[in-house]
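Down below is the structure, laid out as structure tokens.
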Amino acid sequence: LLPELAVDRLASTRCLLIGAGTLGCNVARALLGWGVRTITFVDCGAVSFSNPVRQSLFTFDDCAAGDRRPKAIAAAEAVRRIFPDALSEGHDLTVPMPGHPFDAAEAAAVQDAARRLEALVEAHDAVFLLTDTRESRWLPTLLCAANDKLALTAALGFDSYVVMRHGHGPPPAGQADAAPRDRLGCYFCNDVVAPTNSTRDRTLDQQCTVTRPGLSMMASSIAVEMLVTAVHHGEGVRAKPDLADGAFSTPLGLFPHQVRGHLPWFRSDLLHGQAFDCCVACSPTVVNEFRSSGIDFLSRVFQEPAFLEDFSGLRKLQDSAEAAIEAWDDDDEEDFEDEGI
């Protein structure tokens, strides 16, 4: 049916799933369907009674015993029960995040978590970003850019979703980028503000993603299909995006940058965009500072809410935009005065 199908390459592709919730469970199921054997989970949550009906790797027994059952551990064990030859493990790990400062007593644990996450990213071929909050996706995005790893994001709204692959990382400091405009944007490249604590002053139910149940399965499936397409593309993470009306670049079809779905209209749109020079996660300024300063740079990001916007140049861009608006308003006032209005 498809002689070009790279079964062995798929089986050997090592996948890291950041988030073992609804998206993480569905992504893992689809990866197993494609024959992927190495699936690693990272999550800091525990299985609760509301999870099994939505999160397909968990059962009532995972939360009925009364003891805390880490999602990452439970998910990995479920994968091995489904397919005993799978190489699956779980890491009960909190991803350090911008806007979530820590005190001196927590510093060692936060730094250790950042180092453990970086080691996991380095040890895998593809990283899926499947968490609930924007800020929890920042460090994995930065680590993938710094290590030139394929990052795939799936994010849900109530009745819409976005699935996208991040572009490759910038070259090391001092090396020119041969084609800077060919580098695709990451999850944060369209943002004009840095990620902050989105869960502050919100109740537990407000912190959860409320979404139509079928949406996660759709987004998860597309994310996995995008990975499989990447495996069959000769340029991998550096591949240019295919357009909706363009020729197929792989035996499986198109290799888009972003797929945005809108369930009320049962419609999916293919979009693409360039990397942003002031991006707080994948810009050369940010990535190369991390490459040179490591945990010291991360500590400032976690501790100082305004640091990322200042360092990336985003604050300067905001100020210039505000100045342009003020100048525009001043011109309008002068025009009104000249016309006697």
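Just remember, in the structure tokens the first chain shown is A, the second B, etc., residues are 1-based per chain, and ligands are 1-based in the order shown.
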
10 Å contact set for Ala64 (chain A), only C-alpha atoms, chain neighbours under 4 positions out, as an NGL selection string:
:A and (47-49 or 59-60 or 68-69)

All residues 8 Å or closer to Thr229 (chain A), only C-alpha atoms, same chain fewer than 6 positions away omitted, as a count of residues only:
5

Return the single residue from A:Val121, A:Ala230, A:Leu308, A:Leu317 that is closest to Asn147 (chain A), with distances computed using only C-alpha atoms.
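Of A:Val121, A:Ala230, A:Leu308, A:Leu317, the one nearest Asn147 (chain A), counting only C-alpha atoms, is A:Val121.
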
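Proximity ranking of A:Asp43, A:Ala123, A:Ala30, A:Ala114 relative to Arg14 (chain A) places A:Ala123 first, based on only C-alpha atoms.
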
Could you pull out all residues of region 83-258 of chain A with a DSSP call of strand (DSSP E or B) and give them as number ranges by chain?
A: 87-92, 126-129, 150-156, 160-165, 184, 250, 253, 258

Report as CSV the residues of region 152-241 of chain A within 12 Å of region 17-20 of chain A, each with its shortest atom pair and distance in Å (one decimal), using only C-alpha atoms, ordered by chain and increasing residue number.
residue,atom,partner,partner_atom,distance
A:Leu152,CA,A:Leu17,CA,9.6
A:Thr153,CA,A:Ile18,CA,9.8
A:Ala154,CA,A:Gly19,CA,10.7
A:Ala155,CA,A:Gly19,CA,11.4
A:Ser220,CA,A:Leu17,CA,11.4
A:Ala223,CA,A:Leu17,CA,11.5
A:Val224,CA,A:Leu17,CA,11.2

Name the residues in contact with Pro195 (chain A) at a cut-off of 10 Å, using only C-alpha atoms, excluding same-chain residues fewer than 4 positions from it; report them as a short mmCIF file (atom, residue, chain, number, x, y, z; two decimals) with N, CA, C and O atoms, in the first residue's frame.
data_model
loop_
_atom_site.label_atom_id
_atom_site.label_comp_id
_atom_site.auth_asym_id
_atom_site.auth_seq_id
_atom_site.Cartn_x
_atom_site.Cartn_y
_atom_site.Cartn_z
N MET A 97 8.74 27.41 35.54
CA MET A 97 8.01 28.29 34.63
C MET A 97 8.28 29.76 34.92
O MET A 97 8.47 30.15 36.07
N PRO A 98 8.28 30.60 33.87
CA PRO A 98 8.33 32.05 34.08
C PRO A 98 7.12 32.52 34.89
O PRO A 98 6.02 31.99 34.72
N GLY A 99 7.33 33.49 35.73
CA GLY A 99 6.24 34.01 36.54
C GLY A 99 5.90 33.16 37.75
O GLY A 99 4.93 33.44 38.45
N THR A 133 -1.05 25.09 30.56
CA THR A 133 -0.78 26.52 30.64
C THR A 133 0.28 26.96 29.63
O THR A 133 1.15 26.18 29.25
N ARG A 134 0.18 28.21 29.28
CA ARG A 134 1.13 28.79 28.33
C ARG A 134 2.54 28.79 28.91
O ARG A 134 3.51 28.44 28.22
N GLU A 135 2.68 29.19 30.17
CA GLU A 135 4.02 29.32 30.74
C GLU A 135 4.73 27.98 30.91
O GLU A 135 5.96 27.92 30.89
N SER A 136 3.98 26.89 31.05
CA SER A 136 4.62 25.57 31.21
C SER A 136 5.22 25.07 29.90
O SER A 136 5.99 24.11 29.90
N ARG A 137 4.89 25.72 28.79
CA ARG A 137 5.45 25.34 27.49
C ARG A 137 6.73 26.11 27.17
O ARG A 137 7.41 25.78 26.20
N TRP A 138 7.04 27.13 27.99
CA TRP A 138 8.18 28.00 27.65
C TRP A 138 9.52 27.27 27.74
O TRP A 138 10.30 27.28 26.77
N PHE A 188 5.44 30.66 20.75
CA PHE A 188 5.46 31.99 21.36
C PHE A 188 5.74 33.11 20.37
O PHE A 188 5.75 34.28 20.75
N ASP A 191 3.35 36.11 20.08
CA ASP A 191 3.01 36.80 21.32
C ASP A 191 3.77 38.12 21.44
O ASP A 191 4.94 38.21 21.05
N VAL A 280 10.33 35.42 22.90
CA VAL A 280 10.86 35.19 24.25
C VAL A 280 11.33 33.76 24.45
O VAL A 280 11.91 33.45 25.50
N ALA A 281 11.13 32.88 23.44
CA ALA A 281 11.51 31.48 23.62
C ALA A 281 12.52 30.98 22.60
O ALA A 281 13.37 30.16 22.93
N PRO A 305 9.66 38.71 36.78
CA PRO A 305 8.59 38.67 35.77
C PRO A 305 8.85 39.53 34.54
O PRO A 305 8.43 39.18 33.43
N ALA A 306 9.55 40.64 34.69
CA ALA A 306 9.76 41.55 33.57
C ALA A 306 11.03 41.24 32.78
O ALA A 306 11.28 41.86 31.74
N LEU A 308 12.22 38.70 30.90
CA LEU A 308 12.16 38.15 29.54
C LEU A 308 11.80 39.22 28.52
O LEU A 308 12.41 39.28 27.44
N GLU A 309 10.82 40.05 28.82
CA GLU A 309 10.43 41.07 27.87
C GLU A 309 11.55 42.08 27.66
O GLU A 309 11.79 42.53 26.54
#

Please identify the helix (DSSP H, G or I) residues within region 30-119 of chain A (assignment by DSSP from backbone atoms) and present them as an NGL selection string.
:A and (30-33 or 61-64 or 71-82 or 104-119)

Dump N, CA and C atoms for the selected residues as a compact mmCIF listing (two decimals), in the first residue's frame?
# COMPACT_ATOMS: atom_id res chain seq x y z
N ALA A 30 -1.93 7.14 19.95
CA ALA A 30 -1.71 7.24 18.51
C ALA A 30 -0.28 6.85 18.15
N LEU A 31 0.69 7.21 18.99
CA LEU A 31 2.08 6.81 18.75
C LEU A 31 2.21 5.29 18.74
N LEU A 32 1.54 4.63 19.69
CA LEU A 32 1.57 3.17 19.72
C LEU A 32 0.99 2.59 18.43
N GLY A 33 -0.06 3.22 17.94
CA GLY A 33 -0.67 2.74 16.70
C GLY A 33 0.27 2.80 15.52
N ASP A 61 -9.25 2.41 39.04
CA ASP A 61 -8.34 1.84 40.03
C ASP A 61 -7.13 2.73 40.30
N ASP A 62 -6.75 3.57 39.33
CA ASP A 62 -5.60 4.45 39.52
C ASP A 62 -5.84 5.51 40.58
N CYS A 63 -7.10 5.81 40.86
CA CYS A 63 -7.38 6.85 41.87
C CYS A 63 -8.18 6.32 43.05
N ALA A 64 -8.59 5.06 43.02
CA ALA A 64 -9.45 4.52 44.08
C ALA A 64 -8.68 4.06 45.31
N LYS A 71 0.57 10.85 37.57
CA LYS A 71 0.08 10.60 36.21
C LYS A 71 1.16 10.05 35.30
N ALA A 72 2.36 10.61 35.38
CA ALA A 72 3.43 10.17 34.48
C ALA A 72 3.75 8.70 34.69
N ILE A 73 3.80 8.28 35.94
CA ILE A 73 4.11 6.88 36.25
C ILE A 73 2.98 5.97 35.79
N ALA A 74 1.74 6.37 36.11
CA ALA A 74 0.58 5.56 35.73
C ALA A 74 0.46 5.44 34.21
N ALA A 75 0.72 6.54 33.50
CA ALA A 75 0.62 6.51 32.04
C ALA A 75 1.66 5.57 31.42
N ALA A 76 2.89 5.64 31.93
CA ALA A 76 3.95 4.76 31.41
C ALA A 76 3.63 3.29 31.66
N GLU A 77 3.11 2.99 32.84
CA GLU A 77 2.75 1.61 33.15
C GLU A 77 1.61 1.13 32.23
N ALA A 78 0.66 2.02 31.95
CA ALA A 78 -0.44 1.65 31.06
C ALA A 78 0.06 1.36 29.64
N VAL A 79 1.01 2.16 29.17
CA VAL A 79 1.58 1.93 27.84
C VAL A 79 2.25 0.56 27.79
N ARG A 80 2.97 0.19 28.84
CA ARG A 80 3.65 -1.11 28.86
C ARG A 80 2.65 -2.26 28.97
N ARG A 81 1.51 -2.03 29.61
CA ARG A 81 0.48 -3.07 29.64
C ARG A 81 -0.14 -3.26 28.26
N ILE A 82 -0.35 -2.17 27.55
CA ILE A 82 -0.93 -2.25 26.21
C ILE A 82 0.04 -2.92 25.25
N ALA A 104 14.59 30.61 48.55
CA ALA A 104 15.92 30.00 48.65
C ALA A 104 15.84 28.51 48.95
N ALA A 105 14.84 28.11 49.73
CA ALA A 105 14.72 26.70 50.08
C ALA A 105 14.32 25.84 48.89
N GLU A 106 13.70 26.45 47.89
CA GLU A 106 13.24 25.70 46.71
C GLU A 106 14.23 25.77 45.54
N ALA A 107 15.26 26.60 45.66
CA ALA A 107 16.15 26.87 44.52
C ALA A 107 16.79 25.60 43.98
N ALA A 108 17.32 24.77 44.87
CA ALA A 108 18.02 23.56 44.43
C ALA A 108 17.07 22.63 43.67
N ALA A 109 15.83 22.48 44.16
CA ALA A 109 14.86 21.59 43.51
C ALA A 109 14.47 22.12 42.13
N VAL A 110 14.29 23.44 42.01
CA VAL A 110 13.92 24.03 40.72
C VAL A 110 15.05 23.87 39.71
N GLN A 111 16.26 24.13 40.14
CA GLN A 111 17.41 23.98 39.24
C GLN A 111 17.61 22.52 38.83
N ASP A 112 17.39 21.61 39.77
CA ASP A 112 17.50 20.18 39.43
C ASP A 112 16.44 19.78 38.42
N ALA A 113 15.21 20.31 38.58
CA ALA A 113 14.13 20.00 37.63
C ALA A 113 14.48 20.50 36.23
N ALA A 114 15.05 21.70 36.15
CA ALA A 114 15.43 22.25 34.85
C ALA A 114 16.51 21.40 34.19
N ARG A 115 17.47 20.96 34.97
CA ARG A 115 18.55 20.12 34.42
C ARG A 115 18.01 18.75 33.99
N ARG A 116 17.12 18.18 34.79
CA ARG A 116 16.53 16.89 34.42
C ARG A 116 15.73 17.01 33.13
N LEU A 117 14.97 18.09 33.00
CA LEU A 117 14.18 18.27 31.78
C LEU A 117 15.08 18.45 30.57
N GLU A 118 16.15 19.20 30.72
CA GLU A 118 17.08 19.37 29.60
C GLU A 118 17.69 18.03 29.19
N ALA A 119 18.06 17.21 30.16
CA ALA A 119 18.63 15.89 29.85
C ALA A 119 17.62 15.03 29.10

Spatial neighbours of Pro172 (chain A), max dist 10 Å, only C-alpha atoms, sep filter under 6 positions, as a list in words:
Ala146, Pro284, Val287, Asn288, Glu289, Arg291 and Ser292 of chain A

Okay, now the selection with N, CA, C and O atoms, as a PDB file, in the first residue's frame?
ATOM      1  N   ALA A 146      17.321  25.281  21.647  1.00  0.00           N
ATOM      2  CA  ALA A 146      18.749  25.265  21.962  1.00  0.00           C
ATOM      3  C   ALA A 146      19.415  23.977  21.498  1.00  0.00           C
ATOM      4  O   ALA A 146      20.611  23.973  21.178  1.00  0.00           O
ATOM      5  N   PRO A 284      17.349  34.290  18.638  1.00  0.00           N
ATOM      6  CA  PRO A 284      18.785  34.097  18.871  1.00  0.00           C
ATOM      7  C   PRO A 284      19.267  34.720  20.165  1.00  0.00           C
ATOM      8  O   PRO A 284      20.121  34.146  20.855  1.00  0.00           O
ATOM      9  N   VAL A 287      17.997  32.269  23.053  1.00  0.00           N
ATOM     10  CA  VAL A 287      18.557  30.919  22.977  1.00  0.00           C
ATOM     11  C   VAL A 287      20.061  30.931  23.247  1.00  0.00           C
ATOM     12  O   VAL A 287      20.572  30.087  23.994  1.00  0.00           O
ATOM     13  N   ASN A 288      20.768  31.881  22.669  1.00  0.00           N
ATOM     14  CA  ASN A 288      22.215  31.901  22.850  1.00  0.00           C
ATOM     15  C   ASN A 288      22.618  32.343  24.251  1.00  0.00           C
ATOM     16  O   ASN A 288      23.663  31.932  24.755  1.00  0.00           O
ATOM     17  N   GLU A 289      21.781  33.142  24.894  1.00  0.00           N
ATOM     18  CA  GLU A 289      22.066  33.468  26.298  1.00  0.00           C
ATOM     19  C   GLU A 289      21.888  32.234  27.170  1.00  0.00           C
ATOM     20  O   GLU A 289      22.676  31.997  28.089  1.00  0.00           O
ATOM     21  N   ARG A 291      22.306  29.164  26.102  1.00  0.00           N
ATOM     22  CA  ARG A 291      23.438  28.290  25.772  1.00  0.00           C
ATOM     23  C   ARG A 291      24.700  28.685  26.532  1.00  0.00           C
ATOM     24  O   ARG A 291      25.490  27.819  26.914  1.00  0.00           O
ATOM     25  N   SER A 292      24.884  29.969  26.775  1.00  0.00           N
ATOM     26  CA  SER A 292      26.107  30.421  27.434  1.00  0.00           C
ATOM     27  C   SER A 292      25.982  30.501  28.953  1.00  0.00           C
ATOM     28  O   SER A 292      26.943  30.236  29.670  1.00  0.00           O
TER      29      SER A 292
END

Residues of region 69-180 of chain A that have any atom at most 12 Å from an atom of region 232-247 of chain A: could you tabulate them with the shortest-distance atom pair and the distance in Å to one decimal, using only C-alpha atoms, ordered by chain and increasing number, as JSON lines?
{"residue": "A:Asp125", "atom": "CA", "partner": "A:Val237", "partner_atom": "CA", "distance": 10.2}
{"residue": "A:Ala126", "atom": "CA", "partner": "A:Val237", "partner_atom": "CA", "distance": 9.4}
{"residue": "A:Val127", "atom": "CA", "partner": "A:Val237", "partner_atom": "CA", "distance": 11.5}
{"residue": "A:Cys144", "atom": "CA", "partner": "A:Val237", "partner_atom": "CA", "distance": 10.5}
{"residue": "A:Ala145", "atom": "CA", "partner": "A:Val237", "partner_atom": "CA", "distance": 10.3}
{"residue": "A:Asn147", "atom": "CA", "partner": "A:Val237", "partner_atom": "CA", "distance": 11.4}
{"residue": "A:Asp148", "atom": "CA", "partner": "A:Val237", "partner_atom": "CA", "distance": 7.7}
{"residue": "A:Lys149", "atom": "CA", "partner": "A:Val237", "partner_atom": "CA", "distance": 7.1}
{"residue": "A:Leu150", "atom": "CA", "partner": "A:Val237", "partner_atom": "CA", "distance": 5.3}
{"residue": "A:Ala151", "atom": "CA", "partner": "A:Val237", "partner_atom": "CA", "distance": 8.3}
{"residue": "A:Leu152", "atom": "CA", "partner": "A:Val237", "partner_atom": "CA", "distance": 10.2}
{"residue": "A:Met164", "atom": "CA", "partner": "A:Pro241", "partner_atom": "CA", "distance": 10.8}
{"residue": "A:Arg165", "atom": "CA", "partner": "A:Val237", "partner_atom": "CA", "distance": 8.2}
{"residue": "A:His166", "atom": "CA", "partner": "A:Val237", "partner_atom": "CA", "distance": 7.8}
{"residue": "A:Gly167", "atom": "CA", "partner": "A:Val237", "partner_atom": "CA", "distance": 6.3}
{"residue": "A:His168", "atom": "CA", "partner": "A:Val237", "partner_atom": "CA", "distance": 5.6}
{"residue": "A:Gly169", "atom": "CA", "partner": "A:Arg238", "partner_atom": "CA", "distance": 9.1}
{"residue": "A:Pro170", "atom": "CA", "partner": "A:Arg238", "partner_atom": "CA", "distance": 11.0}
{"residue": "A:Ala179", "atom": "CA", "partner": "A:Arg238", "partner_atom": "CA", "distance": 10.8}
{"residue": "A:Pro180", "atom": "CA", "partner": "A:Arg238", "partner_atom": "CA", "distance": 11.5}

Let me see the file: selected residues, N, CA and C atoms, as a compact mmCIF listing (two decimals), in the first residue's frame.
# COMPACT_ATOMS: atom_id res chain seq x y z
N ASP A 125 14.12 12.33 20.38
CA ASP A 125 14.13 12.87 19.01
C ASP A 125 13.03 13.89 18.78
N ALA A 126 11.92 13.74 19.46
CA ALA A 126 10.78 14.64 19.29
C ALA A 126 10.15 14.90 20.65
N VAL A 127 9.69 16.15 20.84
CA VAL A 127 9.10 16.56 22.11
C VAL A 127 7.71 17.11 21.83
N CYS A 144 14.20 22.83 23.29
CA CYS A 144 14.17 22.25 21.94
C CYS A 144 14.90 23.16 20.95
N ALA A 145 14.70 24.47 21.06
CA ALA A 145 15.39 25.40 20.17
C ALA A 145 16.90 25.35 20.39
N ASN A 147 18.65 22.88 21.46
CA ASN A 147 19.21 21.58 21.08
C ASN A 147 18.78 21.12 19.70
N ASP A 148 18.09 22.02 18.96
CA ASP A 148 17.66 21.71 17.59
C ASP A 148 16.82 20.44 17.53
N LYS A 149 15.89 20.30 18.46
CA LYS A 149 14.99 19.15 18.49
C LYS A 149 13.64 19.52 17.89
N LEU A 150 12.97 18.53 17.34
CA LEU A 150 11.63 18.74 16.81
C LEU A 150 10.65 18.89 17.96
N ALA A 151 9.98 20.03 18.03
CA ALA A 151 8.96 20.28 19.04
C ALA A 151 7.60 20.38 18.37
N LEU A 152 6.61 19.73 18.95
CA LEU A 152 5.26 19.72 18.42
C LEU A 152 4.31 20.15 19.53
N MET A 164 1.00 22.57 15.94
CA MET A 164 2.06 23.17 15.15
C MET A 164 3.41 22.53 15.47
N ARG A 165 4.28 22.56 14.48
CA ARG A 165 5.66 22.17 14.71
C ARG A 165 6.50 23.43 14.83
N HIS A 166 7.43 23.43 15.74
CA HIS A 166 8.31 24.57 15.91
C HIS A 166 9.45 24.49 14.89
N GLY A 167 9.97 25.63 14.50
CA GLY A 167 11.11 25.64 13.61
C GLY A 167 12.39 25.23 14.32
N HIS A 168 13.44 25.05 13.56
CA HIS A 168 14.72 24.69 14.15
C HIS A 168 15.29 25.87 14.94
N GLY A 169 16.25 25.59 15.80
CA GLY A 169 16.84 26.62 16.63
C GLY A 169 17.79 27.51 15.85
N PRO A 170 18.10 28.70 16.39
CA PRO A 170 19.06 29.59 15.73
C PRO A 170 20.47 29.05 15.85
N ALA A 179 19.88 31.13 6.17
CA ALA A 179 18.55 31.51 5.66
C ALA A 179 17.65 31.85 6.85
N PRO A 180 17.86 33.02 7.47
CA PRO A 180 17.10 33.34 8.68
C PRO A 180 15.59 33.41 8.45

All residues 8 Å or closer to Gly273 (chain A), only C-alpha atoms, same chain fewer than 6 positions away omitted, as a list in words:
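Once the adjacent positions are removed, what remains is Leu184, Gly185 and His257 of chain A.
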
For Val7 (chain A), please output as a list in words all residues within 9 Å (counting only C-alpha atoms; exclusion window: fewer than 2 positions along the same chain).
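Counting only C-alpha atoms, the residues come to Glu4, Leu5, Arg9, Leu10, Ala11, Ser12, Trp34, Gly35 and Val36 of chain A.
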
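Within 8 Å of Gln274 (chain A), once only C-alpha atoms are used and residues closer than 2 positions along the same chain are dropped, the contacting residues are Arg181, Asp182, Arg183, Leu184, Gly185, His272 and Phe276 of chain A.
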
Expected file contents, prior selection, C-alpha atoms, as a PDB file, in the first residue's frame:
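And here is the file that came out, out-v5.pdb:
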ATOM      1  CA  ARG A 181      13.751  33.920   6.986  1.00  0.00           C
ATOM      2  CA  ASP A 182      13.290  30.199   6.428  1.00  0.00           C
ATOM      3  CA  ARG A 183      13.182  29.478  10.159  1.00  0.00           C
ATOM      4  CA  LEU A 184       9.622  28.753  11.262  1.00  0.00           C
ATOM      5  CA  GLY A 185       8.072  30.312  14.330  1.00  0.00           C
ATOM      6  CA  HIS A 272       2.624  29.261   8.537  1.00  0.00           C
ATOM      7  CA  PHE A 276      10.066  36.359  15.462  1.00  0.00           C
TER       8      PHE A 276
END

Best match for closeness to Asp92 (chain A) among A:Leu57, A:Val192, A:Leu120, A:Val42, counting only C-alpha atoms
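Ranked by minimum distance to Asp92 (chain A), first place goes to A:Val42.
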
So what do you get for CA of Phe41 (chain A) versus CA of Leu87 (chain A), distance-wise?
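Computed distance, CA of Phe41 (chain A) to CA of Leu87 (chain A), equals 11.2 Å.
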
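Each of A:Val193, A:Gln258, A:Met226, A:Ser283 was compared to Gln318 (chain A) using only C-alpha atoms, and A:Val193 turns out to be the nearest.
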